[in-house]
Every structure is written in structure tokens, then in C-alpha cells.
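Trainee: If it helps, the file is called model-v4.tsv and holds TSV, C-alpha atoms:
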chain	number	residue	atom	x	y	z
A	1	MET	CA	96.59	30.05	106.02
A	2	PRO	CA	96.11	28.91	109.60
A	3	ILE	CA	98.77	27.55	111.92
A	4	TYR	CA	97.59	24.81	114.26
A	5	GLN	CA	99.32	23.21	117.23
A	6	TYR	CA	99.51	19.45	117.66
A	7	ASP	CA	100.90	16.97	120.17
A	8	CYS	CA	102.97	14.39	118.33
A	9	ALA	CA	102.79	10.76	119.46
A	10	GLY	CA	106.00	10.00	117.55
A	11	CYS	CA	108.43	12.41	119.22
A	12	TYR	CA	106.26	13.60	122.15
A	13	GLU	CA	106.70	17.25	121.21
A	14	ARG	CA	104.15	20.01	120.74
A	15	VAL	CA	104.54	21.25	117.17
A	16	GLU	CA	103.03	23.92	114.94
A	17	VAL	CA	101.88	23.05	111.45
A	18	LEU	CA	101.13	25.64	108.78
A	19	HIS	CA	98.28	24.53	106.52
A	20	ARG	CA	98.59	26.02	103.05
A	21	SER	CA	95.29	24.51	101.90
A	22	ALA	CA	92.18	22.87	103.30
A	23	ALA	CA	93.39	19.52	101.91
A	24	SER	CA	96.58	19.64	104.02
A	25	MET	CA	94.45	19.79	107.17
A	26	ASP	CA	93.19	16.22	106.55
A	27	SER	CA	96.56	14.53	107.03
A	28	PRO	CA	99.13	16.72	108.78
A	29	SER	CA	102.52	15.28	109.68
A	30	CYS	CA	105.00	16.23	112.35
A	31	PRO	CA	107.64	18.63	111.04
A	32	LEU	CA	110.18	17.14	113.50
A	33	CYS	CA	109.83	13.39	113.04
A	34	GLY	CA	107.36	12.98	110.17
A	35	SER	CA	104.81	11.05	112.24
A	36	ALA	CA	101.17	11.27	111.19
A	37	GLU	CA	100.02	10.56	114.77
A	38	LEU	CA	99.12	14.13	115.70
A	39	THR	CA	96.45	15.31	118.11
A	40	ARG	CA	95.29	18.88	117.64
A	41	VAL	CA	95.44	21.01	120.80
A	42	MET	CA	94.04	24.37	121.75
A	43	SER	CA	96.58	27.13	121.18
A	44	MET	CA	97.28	29.63	123.93
A	45	PHE	CA	95.94	33.11	123.46
A	46	ALA	CA	96.20	36.41	125.23
A	47	ARG	CA	93.51	38.79	126.33
A	48	ARG	CA	94.10	42.47	126.80
A	49	ARG	CA	93.14	43.76	130.26
A	50	THR	CA	93.25	47.15	131.86
A	51	GLY	CA	95.31	47.72	135.00
A	52	SER	CA	92.12	47.77	137.07
A	53	GLN	CA	90.94	44.47	135.61
A	54	ARG	CA	94.31	42.90	136.30
A	55	LEU	CA	94.21	44.11	139.92
A	56	GLU	CA	90.68	42.76	140.41
A	57	GLU	CA	91.74	39.33	139.14
A	58	ILE	CA	94.53	38.88	141.70
A	59	ASP	CA	93.63	36.02	144.01
A	60	VAL	CA	95.07	37.24	147.31
A	61	GLY	CA	93.97	34.09	149.14
A	62	ALA	CA	95.89	31.86	146.74
A	63	GLN	CA	98.99	34.02	147.13
A	64	GLN	CA	98.73	33.86	150.91
A	65	ALA	CA	98.26	30.10	150.78
A	66	ALA	CA	101.45	29.77	148.75
A	67	LEU	CA	103.33	31.43	151.61
A	68	ARG	CA	102.16	29.04	154.35
A	69	ASP	CA	105.27	26.82	154.25
A	70	GLY	CA	107.35	29.59	155.79
A	71	ASP	CA	110.76	28.30	154.71
A	72	GLU	CA	113.21	30.47	152.77
A	73	ARG	CA	113.15	28.41	149.55
A	74	SER	CA	109.35	28.50	149.32
A	75	PHE	CA	109.37	32.21	150.00
A	76	ALA	CA	112.03	32.89	147.36
A	77	ARG	CA	110.07	30.84	144.80
A	78	TRP	CA	106.86	32.71	145.65
A	79	ALA	CA	108.58	36.12	145.60
A	80	ARG	CA	110.16	35.43	142.19
A	81	GLN	CA	106.79	34.43	140.72
A	82	ALA	CA	104.90	37.28	142.42
A	83	GLY	CA	107.52	39.72	141.17
A	84	ALA	CA	107.22	38.51	137.60
A	85	GLU	CA	103.43	38.75	137.71
A	86	TYR	CA	102.74	41.73	139.95
A	87	ASP	CA	105.76	44.03	140.53
A	88	GLU	CA	104.71	46.39	137.75
A	89	ALA	CA	101.04	46.47	138.73
A	90	LEU	CA	101.67	46.81	142.48
A	91	GLY	CA	104.79	48.95	142.44
A	92	THR	CA	106.56	46.32	144.52
A	93	ASN	CA	109.94	44.65	144.17
A	94	TYR	CA	109.35	41.00	145.04
A	95	ARG	CA	112.06	39.92	142.59
A	96	GLU	CA	114.63	41.75	144.71
A	97	LEU	CA	113.29	40.01	147.83
A	98	ALA	CA	113.69	36.66	146.08
A	99	GLU	CA	117.29	37.47	145.15
A	100	ARG	CA	118.11	38.63	148.69
A	101	THR	CA	116.57	35.49	150.19
A	102	GLU	CA	118.41	33.23	147.74
A	103	ALA	CA	121.65	35.04	148.65
A	104	GLY	CA	121.20	33.96	152.27
A	105	GLU	CA	119.63	37.09	153.72
A	106	ASP	CA	116.47	36.86	155.76
A	107	PRO	CA	114.66	40.06	154.76
A	108	VAL	CA	112.28	41.47	157.33
A	109	ASP	CA	109.70	41.76	154.51
A	110	ARG	CA	109.39	37.96	154.64
A	111	ILE	CA	107.87	37.96	158.14
A	112	ASP	CA	104.31	38.79	157.11
A	113	ALA	CA	104.57	38.80	153.34
A	114	GLY	CA	100.97	37.58	152.87
A	115	HIS	CA	99.53	40.51	154.80
A	116	THR	CA	101.83	42.97	153.01
A	117	PHE	CA	100.84	41.52	149.63
A	118	GLN	CA	97.14	41.86	150.51
A	119	HIS	CA	97.69	45.46	151.63
A	120	ASN	CA	99.53	46.31	148.40
A	121	VAL	CA	96.74	44.85	146.27
A	122	GLN	CA	94.00	46.67	148.21
A	123	HIS	CA	95.94	49.95	148.10
A	124	ARG	CA	96.39	49.74	144.32
A	125	ARG	CA	92.73	48.82	143.82
A	126	VAL	CA	91.68	51.95	145.75
A	127	GLN	CA	94.09	54.08	143.73
A	128	ALA	CA	92.75	52.66	140.46
A	129	GLU	CA	89.15	53.29	141.52
A	130	ARG	CA	89.93	56.88	142.49
A	131	ALA	CA	91.66	57.44	139.17
A	132	ARG	CA	88.67	56.01	137.32
A	133	GLN	CA	86.26	58.24	139.27
A	134	SER	CA	88.28	61.41	138.68
A	135	LYS	CA	88.49	60.56	134.97
A	136	GLU	CA	84.68	60.20	134.84
A	137	GLU	CA	84.20	63.54	136.63
A	138	ALA	CA	86.46	65.37	134.18
Produce C-alpha cells that represent the structure in this file.
Mentor:
Amino acid sequence: MPIYQYDCAGCYERVEVLHRSAASMDSPSCPLCGSAELTRVMSMFARRRTGSQRLEEIDVGAQQAALRDGDERSFARWARQAGAEYDEALGTNYRELAERTEAGEDPVDRIDAGHTFQHNVQHRRVQAERARQSKEEA
């Protein structure tokens, strides 16, 4: 019994519809408003990646570009997002930097955050490669 996602033209919400039979797939209706004007959308999915794969997929240039504004609010927004995405993988604490910046501090880490981010990514990539090589040798 598949669950499909739809955008509803009646209430403008994205809804999930459980289809108990193949016949119910022909004319689904919105569980919120009852509208039959539904457009099926692609559901989100997750893909499992190793730590090394995750590190390789980090777009350092895009992260550095996000820091070009230089003002405290932009930095705090970037640091909060970078922390949520990368603190665990990089061993950093960008969330703390965001909180300190939002509290009115001007952390010294903000001065060249793009370079520091790039260094952290490269350092972790080297560590991951060394770990992979030592595992292969064992």
C-alpha cells in the first residue's frame, strides 16, 4: 500500500495520501479539504553516505561565497546552517559562533571564517583518507 505526496489546488497544502488499492490511485482526494485537484509530486528521499563521501561533497566555494556579505547577521545565519550541516563531520562548533554573534559578540573566528572552513574541510578529508588507507593495510 503506497503513500504518495500531492500538491492540493484546493487548500494549497502538500498532502500524503495512502492508497489501499490500485483503484484508489485513479481519483485521490485531499484529506484536508476534500478537493480532487491534486498534482502528484516527487517525495523526498534520503541516501546513506559514509563520512568520507559527505566530506567530499562539501562545496567549499559555495560556503565561502555565502560569507562574502561580511555583516554579523549574514555570518550568524551562515554559521547556524554550517553548524547544523557540518559540526559533527568537521568537529567544529559553528552553532556556538552563531549564538555568540547573535548575542552581540564579534568573535575573532568571524574574521576569516571562509578560510578556516576550507582548512577544516581539507584537514578532515586528509584524516579520512589516512584512516581509509590504514584500514586497507590492516
Trainee: Write out as number ranges by chain each polymer residue whose atoms come within 10 Å of Ala76 (chain A), counting all atoms listed in the file; drop sequence neighbours fewer than 6 positions from it.
Mentor: A: 67, 82, 94-103, 110
Trainee: Enter the distance from CA of Gln127 (chain A) to CA of Asp112 (chain A), in Å, rounded to one decimal.
Mentor: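 Computing the Euclidean distance for CA of Gln127 (chain A) and CA of Asp112 (chain A) yields 22.7 Å.
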Trainee: So which one's closest to Leu38 (chain A), A:Val17, A:Ile58, A:Gln81, A:Asp7? Using all atoms listed in the file, please.
Mentor: A:Asp7
Trainee: Identify, on the basis of only C-alpha atoms, every residue whose closest approach to region 23-35 of chain A does not exceed 12 Å; exclude the query and any residue fewer than 2 positions from it along the same chain; express the result as a list in words.
Mentor: Met1, Pro2, Ile3, Tyr4, Gln5, Tyr6, Asp7, Cys8, Ala9, Gly10, Cys11, Tyr12, Glu13, Arg14, Val15, Glu16, Val17, Leu18, His19, Arg20, Ser21, Glu37, Leu38, Thr39 and Arg40 of chain A
Trainee: Put a box with edges along x, y and z around all the listed atoms of region 16-33 of chain A, pad it by 3 Å on each side, then give me its centre and sizes in Å, one decimal, as JSON.
Mentor:
{"center_x": 101.2, "center_y": 19.7, "center_z": 108.4, "size_x": 24.0, "size_y": 18.6, "size_z": 19.0}
Trainee: Mind pulling up the distance from CA of His123 (chain A) to CA of Gly51 (chain A)?
Mentor: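 CA of His123 (chain A) lies at a distance of 13.3 Å from CA of Gly51 (chain A).
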Trainee: Need to verify the contact set: Arg125 (chain A), 9 Å, only C-alpha atoms, exclusion of same-chain residues closer than 4 positions in sequence. Can you return it as a list in words?
Mentor: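 Contacts, with the query itself left out: Ser52, Leu55, Glu56, Asn120, Val121, Glu129 and Arg130 of chain A.
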Trainee: Between CA of Arg80 (chain A) and CA of Val60 (chain A), what is the distance, to one decimal in Å?
Mentor: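 Computing it gives 16.0 Å between the two atoms.
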Trainee: Excluding Phe117 (chain A) and its own-chain neighbours fewer than 6 positions away, which residues fall within 9 Å of it when counting all atoms listed in the file? Please give them as a PDB file with C-alpha atoms, keeping the file's coordinate frame.
Mentor:
ATOM      1  CA  VAL A  60      95.070  37.240 147.310  1.00  0.00           C
ATOM      2  CA  GLN A  63      98.990  34.020 147.130  1.00  0.00           C
ATOM      3  CA  GLN A  64      98.730  33.860 150.910  1.00  0.00           C
ATOM      4  CA  LEU A  90     101.670  46.810 142.480  1.00  0.00           C
TER       5      LEU A  90
END
